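Data from protein-v3.txt: compact mmCIF, C-alpha atoms
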# COMPACT_ATOMS: atom_id res chain seq x y z
CA MET P 1 30.86 18.31 8.89
CA ASP P 2 28.07 20.27 7.14
CA ASP P 3 24.45 19.11 7.03
CA ALA P 4 24.66 17.97 3.42
CA ALA P 5 27.64 15.73 4.14
CA ALA P 6 25.97 14.30 7.25
CA TRP P 7 22.79 13.44 5.30
CA ALA P 8 24.90 11.91 2.54
CA ARG P 9 26.62 9.63 5.07
CA LEU P 10 23.27 8.57 6.53
CA ARG P 11 21.95 7.86 3.04
CA GLU P 12 24.99 5.76 2.16
CA ARG P 13 24.65 3.74 5.38
CA LEU P 14 21.01 3.04 4.60
CA LEU P 15 21.65 2.12 0.96
CA SER P 16 24.59 -0.13 1.84
CA ARG P 17 22.37 -2.12 4.17
CA GLY P 18 19.68 -2.32 1.53
CA ARG P 19 21.71 -4.06 -1.13
CA MET P 20 20.24 -7.47 -1.88
CA PRO P 21 22.70 -10.40 -1.92
CA ALA P 22 23.66 -12.11 -5.16
CA LEU P 23 21.27 -15.01 -5.70
CA PRO P 24 22.12 -18.46 -7.06
CA ASP P 25 21.33 -19.50 -10.61
CA GLY P 26 17.61 -19.69 -11.23
CA TRP P 27 16.74 -16.57 -9.22
CA ARG P 28 16.89 -12.83 -9.84
CA HIS P 29 15.79 -9.61 -8.19
CA GLN P 30 15.53 -5.90 -8.82
CA SER P 31 14.36 -2.87 -6.87
CA ALA P 32 13.66 0.83 -7.30
CA MET P 33 13.07 3.62 -4.79
CA LEU P 34 11.81 7.20 -4.97
CA ALA P 35 11.83 9.62 -2.03
CA ALA P 36 9.07 12.07 -1.19
CA GLU P 37 8.82 15.24 -3.23
CA GLY P 38 11.62 17.66 -2.44
CA TYR P 39 13.99 15.03 -1.04
CA ALA P 40 16.76 12.95 -2.53
CA TYR P 41 16.16 9.97 -0.26
CA GLY P 42 13.75 8.73 2.39
CA GLY P 43 12.91 6.11 4.98
CA ASP P 44 11.98 3.02 2.96
CA PHE P 45 14.63 0.30 3.08
CA ILE P 46 15.39 -3.40 2.52
CA VAL P 47 17.36 -5.77 4.76
CA SER P 48 18.26 -9.27 3.58
CA ASP P 49 20.16 -12.37 4.65
CA LEU P 50 21.11 -15.27 2.39
CA GLN P 51 21.93 -18.46 4.26
CA ALA P 52 24.06 -20.28 1.73
CA SER P 53 24.31 -23.43 3.86
CA THR P 54 20.54 -23.93 3.93
CA GLY P 55 19.67 -22.26 0.63
CA ARG P 56 17.23 -19.87 2.25
CA LEU P 57 16.71 -16.16 1.63
CA ARG P 58 15.14 -13.86 4.20
CA THR P 59 14.21 -10.33 3.17
CA VAL P 60 12.34 -7.53 4.93
CA LEU P 61 10.98 -4.41 3.20
CA VAL P 62 10.29 -1.62 5.71
CA ASP P 63 8.44 1.68 5.53
CA VAL P 64 9.32 3.93 8.48
CA CYS P 65 6.68 6.46 9.49
CA GLY P 66 7.57 9.86 8.00
CA SER P 67 9.03 10.83 4.66
CA GLY P 68 12.14 12.24 3.08
CA GLU P 69 15.04 13.34 5.27
CA THR P 70 12.86 13.39 8.40
CA ALA P 71 12.57 9.60 8.23
CA VAL P 72 16.22 8.82 7.46
CA PRO P 73 17.76 8.83 11.00
CA ALA P 74 15.06 6.49 12.35
CA ALA P 75 15.37 4.30 9.26
CA VAL P 76 19.16 4.01 9.65
CA GLN P 77 18.85 2.97 13.29
CA PHE P 78 16.04 0.51 12.61
CA ALA P 79 17.90 -0.95 9.62
CA GLY P 80 20.93 -1.55 11.83
CA ALA P 81 18.81 -3.35 14.40
CA LEU P 82 17.12 -5.50 11.77
CA GLU P 83 20.44 -6.29 10.13
CA SER P 84 21.56 -7.86 13.42
CA LEU P 85 18.24 -9.56 14.19
CA ILE P 86 17.71 -11.11 10.76
CA ARG P 87 20.85 -13.24 11.10
CA VAL P 88 20.17 -14.70 14.54
CA VAL P 89 16.44 -14.57 15.32
CA PRO P 90 14.13 -17.41 14.21
CA ALA P 91 11.96 -16.41 11.25
CA ASP P 92 8.71 -16.50 13.20
CA GLU P 93 10.10 -14.14 15.87
CA LEU P 94 11.77 -11.51 13.68
CA LEU P 95 8.91 -9.03 13.30
CA ARG P 96 7.90 -9.35 16.96
CA ASP P 97 11.47 -8.63 18.06
CA ALA P 98 11.55 -5.70 15.65
CA ASN P 99 8.36 -4.44 17.29
CA ALA P 100 9.97 -4.68 20.74
CA TYR P 101 12.92 -2.65 19.45
CA LEU P 102 10.64 0.14 18.21
CA LEU P 103 8.68 0.22 21.46
CA ALA P 104 11.94 0.66 23.38
CA GLN P 105 12.94 3.80 21.48
CA PRO P 106 13.01 6.94 23.67
CA THR P 107 10.61 8.96 21.53
CA GLY P 108 7.84 6.42 21.94
CA GLU P 109 6.66 7.35 18.43
CA SER P 110 8.67 4.98 16.24
CA ILE P 111 6.22 3.24 13.91
CA ALA P 112 6.88 1.23 10.76
CA THR P 113 5.18 -1.26 8.50
CA ALA P 114 7.15 -4.28 7.34
CA VAL P 115 6.78 -7.31 5.11
CA GLN P 116 9.05 -10.33 5.60
CA LEU P 117 9.80 -12.97 2.99
CA ASP P 118 11.30 -16.36 3.82
CA LEU P 119 12.13 -18.25 0.62
CA ASP P 120 13.51 -21.73 0.02
CA LEU P 121 15.66 -21.28 -3.07
CA ALA P 122 15.75 -25.02 -3.79
CA THR P 123 11.99 -25.62 -3.88
CA GLY P 124 10.53 -22.16 -4.47
CA SER P 125 8.31 -22.43 -1.39
CA TYR P 126 7.83 -19.14 0.45
CA LEU P 127 6.21 -17.66 3.53
CA ILE P 128 5.21 -14.00 3.75
CA ARG P 129 4.67 -12.30 7.09
CA SER P 130 3.16 -8.82 7.10
CA ALA P 131 2.90 -6.19 9.82
CA GLY P 132 0.66 -3.44 8.48
CA HIS P 133 2.19 -3.54 5.01
CA PRO P 134 0.13 -3.41 1.80
CA PRO P 135 -0.34 -6.89 0.28
CA ALA P 136 2.33 -8.39 -1.95
CA LEU P 137 1.54 -9.25 -5.55
CA VAL P 138 2.25 -12.72 -6.94
CA TRP P 139 2.98 -13.18 -10.65
CA SER P 140 1.78 -16.38 -12.30
CA THR P 141 3.54 -17.16 -15.54
CA ALA P 142 0.61 -19.45 -16.38
CA THR P 143 -2.06 -16.72 -16.20
CA ARG P 144 0.26 -13.76 -16.93
CA GLU P 145 -1.38 -11.79 -14.13
CA TRP P 146 -0.40 -10.33 -10.75
CA ARG P 147 -2.76 -11.59 -8.04
CA ILE P 148 -3.13 -10.01 -4.60
CA ASP P 149 -1.65 -11.80 -1.61
CA ASN P 150 -3.77 -11.54 1.54
CA ALA P 151 -1.18 -10.93 4.27
CA ARG P 152 -1.66 -7.53 5.97
CA GLY P 153 -1.46 -7.28 9.80
CA THR P 154 -0.86 -4.13 11.86
CA ALA P 155 2.07 -1.72 12.05
CA LEU P 156 5.08 -2.28 14.29
CA GLY P 157 5.67 0.05 17.22
CA ALA P 158 1.98 0.74 17.81
CA SER P 159 1.28 -1.92 20.45
CA GLU P 160 3.01 -4.67 22.40
CA THR P 161 1.17 -7.36 20.42
CA PRO P 162 1.09 -6.43 16.74
CA GLU P 163 -0.99 -8.55 14.40
CA VAL P 164 1.34 -10.37 12.02
CA ASN P 165 -0.48 -12.17 9.21
CA GLU P 166 0.98 -14.95 7.10
CA SER P 167 0.51 -16.41 3.65
CA ALA P 168 2.41 -19.13 1.82
CA GLY P 169 2.93 -20.50 -1.65
CA VAL P 170 5.38 -21.95 -4.15
CA LEU P 171 7.02 -20.10 -7.03
CA ALA P 172 7.36 -22.12 -10.22
CA ALA P 173 9.76 -21.20 -13.01
CA GLY P 174 8.73 -17.80 -14.39
CA ASP P 175 6.75 -16.81 -11.28
CA ALA P 176 7.61 -13.77 -9.16
CA LEU P 177 6.77 -11.78 -6.04
CA LEU P 178 6.36 -8.00 -5.95
CA PHE P 179 6.65 -6.03 -2.70
CA TYR P 180 6.09 -2.29 -2.39
CA THR P 181 5.47 0.47 0.14
CA ASP P 182 2.19 2.34 0.50
CA GLY P 183 3.53 5.44 -1.26
CA VAL P 184 3.25 3.45 -4.50
CA VAL P 185 -0.50 2.87 -4.16
CA GLU P 186 -1.82 5.65 -1.90
CA SER P 187 -2.26 9.35 -2.59
CA ARG P 188 -4.68 12.14 -1.75
CA ALA P 189 -6.56 11.39 -4.96
CA LEU P 190 -6.44 7.58 -4.78
CA ASP P 191 -7.40 5.19 -1.98
CA ILE P 192 -5.35 2.07 -1.39
CA ASP P 193 -7.74 -0.41 -3.07
CA ALA P 194 -7.86 1.66 -6.25
CA GLY P 195 -4.11 2.10 -6.01
CA ILE P 196 -3.51 -1.64 -5.75
CA ALA P 197 -5.76 -2.23 -8.77
CA TRP P 198 -3.71 0.36 -10.68
CA LEU P 199 -0.47 -1.34 -9.59
CA GLN P 200 -1.67 -4.73 -10.80
CA GLN P 201 -2.22 -3.33 -14.27
CA ALA P 202 0.91 -1.16 -14.32
CA ALA P 203 3.07 -4.02 -13.06
CA ARG P 204 1.59 -6.40 -15.62
CA ALA P 205 2.40 -4.03 -18.49
CA SER P 206 5.87 -3.40 -17.09
CA TYR P 207 6.61 -7.09 -16.55
CA LEU P 208 5.39 -8.12 -19.99
CA ALA P 209 7.71 -5.48 -21.46
CA GLY P 210 10.65 -7.45 -20.09
CA TRP P 211 12.42 -8.25 -16.85
CA GLU P 212 15.13 -5.62 -17.07
CA GLY P 213 14.00 -2.33 -15.57
CA ALA P 214 10.52 -3.53 -14.57
CA ALA P 215 10.73 -2.09 -11.03
CA ARG P 216 12.00 1.26 -12.33
CA ARG P 217 9.21 1.46 -14.92
CA ILE P 218 6.64 0.93 -12.17
CA ILE P 219 8.17 3.64 -9.96
CA ASP P 220 8.37 6.01 -12.90
CA GLY P 221 4.62 5.62 -13.37
CA VAL P 222 3.90 6.94 -9.86
CA GLU P 223 3.63 10.68 -9.30
CA ARG P 224 6.18 11.98 -6.83
CA GLY P 225 4.08 12.99 -3.81
CA ASP P 226 4.49 13.45 -0.08
CA ASP P 227 5.49 9.86 0.72
CA ASP P 228 8.48 7.70 -0.05
CA ARG P 229 8.00 4.69 -2.30
CA ALA P 230 9.84 1.48 -3.02
CA VAL P 231 9.33 -1.60 -5.21
CA LEU P 232 11.11 -4.95 -4.92
CA ILE P 233 10.61 -7.79 -7.42
CA LEU P 234 12.02 -11.26 -6.88
CA GLY P 235 11.58 -13.85 -9.61
CA ARG P 236 12.33 -17.47 -10.37
CA CYS P 237 13.85 -18.02 -13.81
Transcribe the structure of this file into structure tokens.
Amino acid sequence: MDDAAAWARLRERLLSRGRMPALPDGWRHQSAMLAAEGYAYGGDFIVSDLQASTGRLRTVLVDVCGSGETAVPAAVQFAGALESLIRVVPADELLRDANAYLLAQPTGESIATAVQLDLDLATGSYLIRSAGHPPALVWSTATREWRIDNARGTALGASETPEVNESAGVLAAGDALLFYTDGVVESRALDIDAGIAWLQQAARASYLAGWEGAARRIIDGVERGDDDRAVLILGRC
């Protein structure tokens, strides 16, 4: 098998794991991804589990250290591990078990940021856990603004005891959550705080233009640089 075919298979494995489940009536989601300049795909990915019996959705957005094709093999392996863990590990242990997995890798240099969402689809109540990931944005249909969530924490794979920060809330009808990787808001010309301020405005304009294609419009507004980028929006109808 040639290199192109091998990379294509890795990409398909990563994308197949990243497909969000169909949500029940009253909920919707969309996502968009863009790899680093010069690559067709990269190391950002999503893993989800919908527990139909309890009406709970668990989703993790991950940014593996590295970009483009160099990040894909590590991302595929980590996605496989998370896909197994997310179904059996209690919610409050998932990111810590993911950290233990990264620390056990033979290279000793596997690092990733991750943000975990646990959502009750019946009530709209949610809990966000973050390990080094940029803060989520929360859309209020009442104020028609994206506010910054405060969960941050430290990256996985860097120490045996990563800092995992939490925040909680309730989504009313019309509200939404927006998750993204740091490639969306960081560049050589823009620090992360300025990038987040830009994202708040860009996401507001995109969201007010209509639900369909909002994530893609945000991604299209970001210059393709040397980092992968991903956006995930989950909304309550």
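Checking P:Leu199, P:Ile46, P:Leu57, P:Ala104 one by one against Arg28 of chain P, counting only C-alpha atoms, you find the shortest gap at P:Leu57.
Shortest atom-to-atom contact with Gly153 of chain P among P:Leu34, P:Leu50, P:Gln116, P:Leu177: P:Gln116, counting only C-alpha atoms.
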Q: Please check which residues have atoms at most 8 Å from (2.1, -5.3, -11.4) in the file's coordinates, counting all atoms listed in the file, and write them as a ChimeraX atom specification.
A: /P:137,139,145-146,178,199-207,218
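Our summary of the geometry notes that atom CA of Asn150 of chain P is positioned 14.0 Å from atom CA of Ala197 of chain P.
Using all atoms listed in the file, the nearest neighbour of Asp118 of chain P within the list P:Pro90, P:Pro106, P:Pro73, P:Gly26 is P:Pro90.
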Q: Measuring atom to atom with all atoms listed in the file, identify which of P:Ala112, P:Gly55, P:Ile192, P:Leu119 is nearest to Leu156 of chain P.
A: P:Ala112
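Between atom CA of Ser31 of chain P and atom CA of Val72 of chain P there is a distance of 18.6 Å.
Of note, atom CA of Arg19 of chain P and atom CA of Glu163 of chain P are spaced 27.9 Å apart.
Here the question is which of P:Ser130, P:Gln105, P:Thr154, P:Thr141 gets nearest to Gly174 of chain P using all atoms listed in the file, and that residue is P:Thr141.
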**Q.** Distance query Leu85 of chain P at most 9 Å, only C-alpha atoms, self and fewer than 3 positions along chain excluded, as an MDAnalysis selection string
**A.** chainID P and resid 80:82 88:90 94 97:98
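Using all atoms listed in the file, the nearest neighbour of Trp211 of chain P within the list P:Gln30, P:Asp120, P:Ser187, P:Trp198 is P:Gln30.
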(Q) Taking (20.8, -14.9, -6.8) in the coordinates of the supplied file, I want to know which residues reach to within 12 Å of it, counting all atoms listed in the file; could you give the answer as a list in words? (A) Met20, Pro21, Ala22, Leu23, Pro24, Asp25, Gly26, Trp27, Arg28, His29, Gln30, Asp49, Leu50, Gln51, Ala52, Gly55, Arg56, Leu57, Leu119, Leu121, Ala122, Leu234, Gly235, Arg236 and Cys237 of chain P
Write out as JSON an axis-aligned box for segment 211-227 of chain P: all of its atoms listed in the file, 8 Å added on each side, centre and edge lengths in Å with one decimal.
{"center_x": 9.4, "center_y": 2.6, "center_z": -8.2, "size_x": 27.5, "size_y": 37.7, "size_z": 33.8}
**Q.** Non-local contacts of Glu166 of chain P (6 Å; all atoms listed in the file; under 6 positions in same chain excluded) as JSON, numbers by chain
**A.** {"P": [128, 129, 151]}
Start from the incomplete input, build N, CA, C and O atoms for segment 212-235 of chain P, and deliver everything as a PDB file, in the coordinates of the input.
ATOM      1  N   GLU P 212      14.215  -6.716 -17.363  1.00  0.00           N
ATOM      2  CA  GLU P 212      15.130  -5.620 -17.070  1.00  0.00           C
ATOM      3  C   GLU P 212      14.389  -4.294 -16.935  1.00  0.00           C
ATOM      4  O   GLU P 212      13.646  -3.893 -17.823  1.00  0.00           O
ATOM      5  N   GLY P 213      14.591  -3.645 -15.790  1.00  0.00           N
ATOM      6  CA  GLY P 213      14.000  -2.330 -15.570  1.00  0.00           C
ATOM      7  C   GLY P 213      12.543  -2.320 -15.177  1.00  0.00           C
ATOM      8  O   GLY P 213      11.920  -1.250 -15.118  1.00  0.00           O
ATOM      9  N   ALA P 214      11.949  -3.480 -14.883  1.00  0.00           N
ATOM     10  CA  ALA P 214      10.520  -3.530 -14.570  1.00  0.00           C
ATOM     11  C   ALA P 214      10.183  -2.716 -13.329  1.00  0.00           C
ATOM     12  O   ALA P 214       9.203  -1.969 -13.305  1.00  0.00           O
ATOM     13  N   ALA P 215      10.995  -2.837 -12.265  1.00  0.00           N
ATOM     14  CA  ALA P 215      10.730  -2.090 -11.030  1.00  0.00           C
ATOM     15  C   ALA P 215      10.830  -0.589 -11.276  1.00  0.00           C
ATOM     16  O   ALA P 215      10.011   0.198 -10.786  1.00  0.00           O
ATOM     17  N   ARG P 216      11.828  -0.164 -12.037  1.00  0.00           N
ATOM     18  CA  ARG P 216      12.000   1.260 -12.330  1.00  0.00           C
ATOM     19  C   ARG P 216      10.840   1.787 -13.160  1.00  0.00           C
ATOM     20  O   ARG P 216      10.367   2.902 -12.940  1.00  0.00           O
ATOM     21  N   ARG P 217      10.348   1.005 -14.118  1.00  0.00           N
ATOM     22  CA  ARG P 217       9.210   1.460 -14.920  1.00  0.00           C
ATOM     23  C   ARG P 217       7.977   1.653 -14.058  1.00  0.00           C
ATOM     24  O   ARG P 217       7.189   2.583 -14.283  1.00  0.00           O
ATOM     25  N   ILE P 218       7.786   0.775 -13.069  1.00  0.00           N
ATOM     26  CA  ILE P 218       6.640   0.930 -12.170  1.00  0.00           C
ATOM     27  C   ILE P 218       6.771   2.215 -11.360  1.00  0.00           C
ATOM     28  O   ILE P 218       5.828   3.015 -11.275  1.00  0.00           O
ATOM     29  N   ILE P 219       7.939   2.426 -10.749  1.00  0.00           N
ATOM     30  CA  ILE P 219       8.170   3.640  -9.960  1.00  0.00           C
ATOM     31  C   ILE P 219       7.997   4.887 -10.815  1.00  0.00           C
ATOM     32  O   ILE P 219       7.414   5.887 -10.375  1.00  0.00           O
ATOM     33  N   ASP P 220       8.473   4.849 -12.027  1.00  0.00           N
ATOM     34  CA  ASP P 220       8.370   6.010 -12.900  1.00  0.00           C
ATOM     35  C   ASP P 220       6.927   6.347 -13.255  1.00  0.00           C
ATOM     36  O   ASP P 220       6.630   7.471 -13.670  1.00  0.00           O
ATOM     37  N   GLY P 221       6.030   5.377 -13.095  1.00  0.00           N
ATOM     38  CA  GLY P 221       4.620   5.620 -13.370  1.00  0.00           C
ATOM     39  C   GLY P 221       3.863   6.205 -12.212  1.00  0.00           C
ATOM     40  O   GLY P 221       2.664   6.507 -12.327  1.00  0.00           O
ATOM     41  N   VAL P 222       4.534   6.385 -11.062  1.00  0.00           N
ATOM     42  CA  VAL P 222       3.900   6.940  -9.860  1.00  0.00           C
ATOM     43  C   VAL P 222       4.288   8.405  -9.722  1.00  0.00           C
ATOM     44  O   VAL P 222       5.460   8.751  -9.826  1.00  0.00           O
ATOM     45  N   GLU P 223       3.311   9.272  -9.506  1.00  0.00           N
ATOM     46  CA  GLU P 223       3.630  10.680  -9.300  1.00  0.00           C
ATOM     47  C   GLU P 223       4.403  10.856  -8.000  1.00  0.00           C
ATOM     48  O   GLU P 223       4.119  10.203  -6.994  1.00  0.00           O
ATOM     49  N   ARG P 224       5.386  11.721  -8.030  1.00  0.00           N
ATOM     50  CA  ARG P 224       6.180  11.980  -6.830  1.00  0.00           C
ATOM     51  C   ARG P 224       5.356  12.847  -5.893  1.00  0.00           C
ATOM     52  O   ARG P 224       5.082  14.005  -6.167  1.00  0.00           O
ATOM     53  N   GLY P 225       4.946  12.288  -4.749  1.00  0.00           N
ATOM     54  CA  GLY P 225       4.080  12.990  -3.810  1.00  0.00           C
ATOM     55  C   GLY P 225       4.750  13.215  -2.475  1.00  0.00           C
ATOM     56  O   GLY P 225       5.962  13.412  -2.401  1.00  0.00           O
ATOM     57  N   ASP P 226       3.964  13.137  -1.405  1.00  0.00           N
ATOM     58  CA  ASP P 226       4.490  13.450  -0.080  1.00  0.00           C
ATOM     59  C   ASP P 226       4.862  12.212   0.713  1.00  0.00           C
ATOM     60  O   ASP P 226       4.954  12.260   1.935  1.00  0.00           O
ATOM     61  N   ASP P 227       5.071  11.087   0.037  1.00  0.00           N
ATOM     62  CA  ASP P 227       5.490   9.860   0.720  1.00  0.00           C
ATOM     63  C   ASP P 227       6.590   9.186  -0.092  1.00  0.00           C
ATOM     64  O   ASP P 227       6.651   9.321  -1.320  1.00  0.00           O
ATOM     65  N   ASP P 228       7.457   8.477   0.625  1.00  0.00           N
ATOM     66  CA  ASP P 228       8.480   7.700  -0.050  1.00  0.00           C
ATOM     67  C   ASP P 228       7.838   6.480  -0.697  1.00  0.00           C
ATOM     68  O   ASP P 228       6.747   6.059  -0.311  1.00  0.00           O
ATOM     69  N   ARG P 229       8.538   5.888  -1.650  1.00  0.00           N
ATOM     70  CA  ARG P 229       8.000   4.690  -2.300  1.00  0.00           C
ATOM     71  C   ARG P 229       9.126   3.758  -2.718  1.00  0.00           C
ATOM     72  O   ARG P 229      10.219   4.213  -3.067  1.00  0.00           O
ATOM     73  N   ALA P 230       8.839   2.482  -2.660  1.00  0.00           N
ATOM     74  CA  ALA P 230       9.840   1.480  -3.020  1.00  0.00           C
ATOM     75  C   ALA P 230       9.153   0.259  -3.617  1.00  0.00           C
ATOM     76  O   ALA P 230       8.030  -0.083  -3.237  1.00  0.00           O
ATOM     77  N   VAL P 231       9.831  -0.369  -4.566  1.00  0.00           N
ATOM     78  CA  VAL P 231       9.330  -1.600  -5.210  1.00  0.00           C
ATOM     79  C   VAL P 231      10.462  -2.620  -5.235  1.00  0.00           C
ATOM     80  O   VAL P 231      11.601  -2.284  -5.573  1.00  0.00           O
ATOM     81  N   LEU P 232      10.166  -3.840  -4.866  1.00  0.00           N
ATOM     82  CA  LEU P 232      11.110  -4.950  -4.920  1.00  0.00           C
ATOM     83  C   LEU P 232      10.451  -6.108  -5.653  1.00  0.00           C
ATOM     84  O   LEU P 232       9.330  -6.505  -5.309  1.00  0.00           O
ATOM     85  N   ILE P 233      11.111  -6.630  -6.682  1.00  0.00           N
ATOM     86  CA  ILE P 233      10.610  -7.790  -7.420  1.00  0.00           C
ATOM     87  C   ILE P 233      11.631  -8.907  -7.303  1.00  0.00           C
ATOM     88  O   ILE P 233      12.825  -8.704  -7.536  1.00  0.00           O
ATOM     89  N   LEU P 234      11.170 -10.093  -6.967  1.00  0.00           N
ATOM     90  CA  LEU P 234      12.020 -11.260  -6.880  1.00  0.00           C
ATOM     91  C   LEU P 234      11.398 -12.357  -7.724  1.00  0.00           C
ATOM     92  O   LEU P 234      10.228 -12.697  -7.534  1.00  0.00           O
ATOM     93  N   GLY P 235      12.149 -12.877  -8.682  1.00  0.00           N
ATOM     94  CA  GLY P 235      11.580 -13.850  -9.610  1.00  0.00           C
ATOM     95  C   GLY P 235      12.386 -15.131  -9.724  1.00  0.00           C
ATOM     96  O   GLY P 235      13.596 -15.146  -9.488  1.00  0.00           O
TER      97      GLY P 235
END
